[in-house]
Amino acid sequence: MGALKLCFVVQRPPYKSENPRLALTHSISSQTAEIHLEDGETVVPTLIFVGDGVLNATKNQQAMKLYGVTSTESHIKNGLLIDMPIWVCKEDMERLGLKEDQMIADAEDMGADLKTKFVSFAEIQKEIEACPHLLFF
Amino acid sequence: MGVFTMGVFPSLVGSGTLDFSFKLAEAALAKGHTVNMWLSGNAVMMAKKGQRAFKDYSHLEKKMMELVGKGMAITVCEACAEARGYHKEDTPEGMKRASMDWYLAKTFKSDRVLHIGGE
C-alpha cells in the first residue's frame, strides 16, 4: 500500500537523442501503472531537468514543423496537465543564458493548473534524496 | 533475497553497456535475487528473434534466453518496438511486450532499481 516517489532526472539535451523523450513518456505512464499494482499502490513521479537537460524546457519548439514529430514542449505540457511536478535547475538555466520567460512555465493553454518550478540545485538535491529510486536519462 | 529491477535502454550491437547489463543480471540471479528487466528505446532490439551471431560483434541472444530460463522476467516496450518495425510475432518465447507503465509498476516492489540509460 502507499505511494512510491520516483525522480526522473533528465540531463541530456532535446532532439540529439531519444533519452529526454523517453523520460517524458515513461514518467507520464505513471498514470496507468496502477493497472499492474494492488489497490492503493501508486507511483508518483517528479520530472527534473538539469545540466544540458534544461534545454528541453525551452518554449516555442518547432519539432513538428522541422522534424514532423511531436515536441518535447508538448510532452512537458502534458506532464503539467496530469499534475506531474516538473522542475528545472536555475543554475543550469543561468549557465546557458536562459531566462524564465524563455521557458515552458505552464500549460494554461491546455487547461493545466500546475506550473513548472524553477529551482536551485540544492532543492533538487533534497528531492532526489527523498526518492527511493532515481532514473537518469 | 531481494527484487532487482533494471531499466535497460542502450542499443544492441555497438554498445558494451547492454553486455554489462546482462552480466549484472546474471550475477544478481546467481545470488538468488529476483530480476526484472525492462527493455526500452534502442534496447528493444535485444529481444528480437532471428539474430545471427558473428564473432566480430557482441551476441547476447543465447545469454538472454539462458537468463529467461533461470527466471529473469524480460518485458519489451511495445511502442519502442513497433516504432522500429519489431512486431509481436518477432518476440521470443517467454518474453512479454507491454507499455511503459509495466516498468514503473515494477519499481514499486523492487528493493533496488538500476536504470541504465541509452546513448
# chains A, B, ... in the order shown; residues from 1 in each chain; ligands from 1

call {"tool": "closest_atom_pairs", "arguments": {"of": "stretch 85-113 of chain B", "to": "stretch 40-43 of chain B", "cutoff": "12 Å", "atoms": "only C-alpha atoms", "output": "tab-separated table"}}
result
residue	atom	partner	partner_atom	distance
B:Gly85	CA	B:Asn42	CA	11.9
B:Tyr86	CA	B:Asn42	CA	11.3
B:Arg97	CA	B:Ser40	CA	10.3
B:Ala98	CA	B:Ser40	CA	10.3
B:Ser99	CA	B:Ser40	CA	9.8
B:Met100	CA	B:Ser40	CA	8.4
B:Asp101	CA	B:Ser40	CA	11.8
B:Trp102	CA	B:Ser40	CA	11.3
B:Tyr103	CA	B:Ser40	CA	9.6

call {"tool": "residues_around", "arguments": {"residues": "stretch 111-120 of chain A", "least_positions_apart": "4", "cutoff": "12 Å", "atoms": "only C-alpha atoms", "output": "ChimeraX atom specification"}}
result
/A:46-50,54,57-59,73,76-94,98-101,103-107,124-127

call {"tool": "residues_around", "arguments": {"residues": "B:Val35", "least_positions_apart": "2", "cutoff": "12 Å", "atoms": "only C-alpha atoms", "output": "short mmCIF file (atom, residue, chain, number, x, y, z; two decimals) with C-alpha atoms, in the first residue's frame"}}
result
data_model
loop_
_atom_site.label_atom_id
_atom_site.label_comp_id
_atom_site.auth_asym_id
_atom_site.auth_seq_id
_atom_site.Cartn_x
_atom_site.Cartn_y
_atom_site.Cartn_z
CA MET B 1 16.83 -12.21 -1.21
CA GLY B 2 15.69 -9.06 -2.95
CA VAL B 3 13.90 -7.87 -6.02
CA PHE B 4 16.11 -6.10 -8.55
CA THR B 5 14.60 -4.23 -11.50
CA MET B 6 16.70 -2.96 -14.37
CA GLY B 7 15.57 -0.45 -16.98
CA SER B 21 23.51 -5.18 -18.14
CA PHE B 22 23.25 -8.90 -18.83
CA LEU B 24 24.94 -7.80 -13.87
CA ALA B 25 21.56 -9.53 -14.22
CA GLU B 26 23.30 -12.90 -14.31
CA ALA B 27 25.28 -12.08 -11.16
CA ALA B 28 22.09 -10.98 -9.35
CA LEU B 29 20.26 -14.17 -10.36
CA ALA B 30 23.24 -16.26 -9.22
CA LYS B 31 22.94 -14.65 -5.80
CA GLY B 32 19.30 -15.68 -5.63
CA HIS B 33 17.67 -12.32 -6.32
CA MET B 37 14.42 -6.34 -16.96
CA TRP B 38 12.64 -3.63 -18.92
CA LEU B 67 18.68 -16.00 -18.07
CA VAL B 68 15.00 -16.17 -19.00
CA LYS B 70 16.58 -19.13 -14.93
CA GLY B 71 13.57 -16.98 -14.14
CA MET B 72 14.51 -13.47 -15.21
CA ALA B 73 11.42 -11.57 -16.40
CA ILE B 74 12.07 -9.56 -19.55
CA THR B 75 9.48 -7.15 -20.89
CA LYS B 106 7.81 -2.97 -11.13
CA THR B 107 9.76 -0.24 -9.33
CA LYS B 109 8.00 -3.57 -5.20
CA SER B 110 11.70 -3.54 -6.03
CA ASP B 111 14.41 -3.32 -3.41
CA ARG B 112 16.77 -1.83 -5.98
CA VAL B 113 16.17 -0.20 -9.38
CA LEU B 114 19.05 0.34 -11.75
#

call {"tool": "closest_atom_pairs", "arguments": {"of": "chain A", "to": "chain B", "cutoff": "12 Å", "atoms": "only C-alpha atoms", "output": "tab-separated table"}}
result
residue	atom	partner	partner_atom	distance
A:Met1	CA	B:Phe108	CA	9.7
A:Gly2	CA	B:Phe108	CA	9.4
A:Ala3	CA	B:Phe108	CA	8.3
A:Leu4	CA	B:Phe108	CA	6.1
A:Lys5	CA	B:Phe108	CA	8.9
A:Leu6	CA	B:Thr107	CA	8.6
A:Cys7	CA	B:Leu104	CA	11.3
A:Phe8	CA	B:His115	CA	10.1
A:Val9	CA	B:His115	CA	10.9
A:Val10	CA	B:Gly117	CA	10.5
A:Gln11	CA	B:Gly117	CA	11.0
A:Arg12	CA	B:Glu119	CA	9.8
A:Lys16	CA	B:Glu119	CA	10.0
A:Ser17	CA	B:Glu119	CA	7.3
A:Glu18	CA	B:Gly41	CA	7.3
A:Asn19	CA	B:Gly118	CA	6.5
A:Pro20	CA	B:Gly118	CA	10.2
A:Arg21	CA	B:Gly41	CA	9.9
A:Leu22	CA	B:Gly41	CA	7.4
A:Ala23	CA	B:Gly117	CA	9.9
A:Leu24	CA	B:Met100	CA	10.7
A:Thr25	CA	B:Met100	CA	7.6
A:His26	CA	B:Met100	CA	5.5
A:Ser27	CA	B:Leu104	CA	8.1
A:Ile28	CA	B:Asp101	CA	8.6
A:Ser29	CA	B:Asp101	CA	5.0
A:Ser30	CA	B:Asp101	CA	5.9
A:Gln31	CA	B:Asp101	CA	7.8
A:Thr32	CA	B:Asp101	CA	6.0
A:Ala33	CA	B:Asp101	CA	4.3
A:Glu34	CA	B:Ala105	CA	7.0
A:Ile35	CA	B:Asp101	CA	8.3
A:His36	CA	B:Ala105	CA	6.0
A:Leu37	CA	B:Ala105	CA	6.3
A:Glu38	CA	B:Ala105	CA	9.8
A:Gly40	CA	B:Phe108	CA	11.7
A:Glu41	CA	B:Phe108	CA	8.0
A:Thr42	CA	B:Phe108	CA	7.6
A:Val43	CA	B:Phe108	CA	6.8
A:Val44	CA	B:Leu104	CA	9.5
A:Pro45	CA	B:Leu104	CA	9.3
A:Cys131	CA	B:Val113	CA	11.6
A:Pro132	CA	B:Arg112	CA	8.6
A:His133	CA	B:Val113	CA	6.2
A:Leu134	CA	B:His115	CA	7.7
A:Leu135	CA	B:His115	CA	5.5
A:Phe136	CA	B:His115	CA	6.7
A:Phe137	CA	B:Gly117	CA	5.7

call {"tool": "select_by_dssp", "arguments": {"residues": "stretch 5-94 of chain B", "states": "strand (DSSP E or B)", "output": "PyMOL selection string"}}
result
chain B and resi 5-8+34-39+73-77

call {"tool": "write_last_selection", "arguments": {"atoms": "N, CA and C atoms", "output": "compact mmCIF listing (two decimals), in the first residue's frame"}}
result
# COMPACT_ATOMS: atom_id res chain seq x y z
N THR B 5 15.19 -4.58 -10.20
CA THR B 5 14.60 -4.23 -11.50
C THR B 5 15.57 -3.34 -12.28
N MET B 6 15.80 -3.74 -13.52
CA MET B 6 16.70 -2.96 -14.37
C MET B 6 15.91 -2.36 -15.54
N GLY B 7 16.09 -1.09 -15.77
CA GLY B 7 15.57 -0.45 -16.98
C GLY B 7 16.74 -0.31 -17.92
N VAL B 8 16.68 -0.94 -19.07
CA VAL B 8 17.84 -1.01 -19.95
C VAL B 8 17.50 -0.36 -21.30
N THR B 34 15.51 -11.93 -7.31
CA THR B 34 14.53 -11.89 -8.41
C THR B 34 14.93 -10.73 -9.31
N VAL B 35 15.01 -10.99 -10.62
CA VAL B 35 15.45 -9.93 -11.53
C VAL B 35 14.38 -9.66 -12.59
N ASN B 36 14.02 -8.38 -12.71
CA ASN B 36 13.12 -7.92 -13.78
C ASN B 36 13.92 -7.04 -14.71
N MET B 37 13.72 -7.21 -16.01
CA MET B 37 14.42 -6.34 -16.96
C MET B 37 13.42 -5.71 -17.93
N TRP B 38 13.48 -4.40 -17.99
CA TRP B 38 12.64 -3.63 -18.92
C TRP B 38 13.53 -3.17 -20.07
N LEU B 39 13.22 -3.58 -21.29
CA LEU B 39 13.99 -3.17 -22.46
C LEU B 39 13.22 -2.08 -23.19
N ALA B 73 12.57 -12.06 -15.62
CA ALA B 73 11.42 -11.57 -16.40
C ALA B 73 11.89 -10.44 -17.31
N ILE B 74 11.70 -10.63 -18.60
CA ILE B 74 12.07 -9.56 -19.55
C ILE B 74 10.80 -9.06 -20.23
N THR B 75 10.62 -7.76 -20.20
CA THR B 75 9.48 -7.15 -20.89
C THR B 75 9.99 -6.04 -21.81
N VAL B 76 9.44 -6.02 -22.99
CA VAL B 76 9.89 -5.10 -24.04
C VAL B 76 8.86 -3.97 -24.19
N CYS B 77 9.36 -2.75 -24.34
CA CYS B 77 8.47 -1.60 -24.56
C CYS B 77 7.79 -1.76 -25.94

call {"tool": "atom_distance", "arguments": {"atom1": "atom CA of A:Gly97", "atom2": "atom CA of A:Thr70"}}
result
25.4 Å

call {"tool": "atom_distance", "arguments": {"atom1": "atom CA of B:Glu82", "atom2": "atom CA of B:Val44"}}
result
9.7 Å

call {"tool": "atom_distance", "arguments": {"atom1": "atom CA of A:Pro14", "atom2": "atom CA of A:Leu55"}}
result
6.6 Å

call {"tool": "select_by_dssp", "arguments": {"residues": "chain A", "states": "alpha helix (DSSP H)", "output": "PyMOL selection string"}}
result
chain A and resi 19-28+63-67+72-81+90-95+121-129
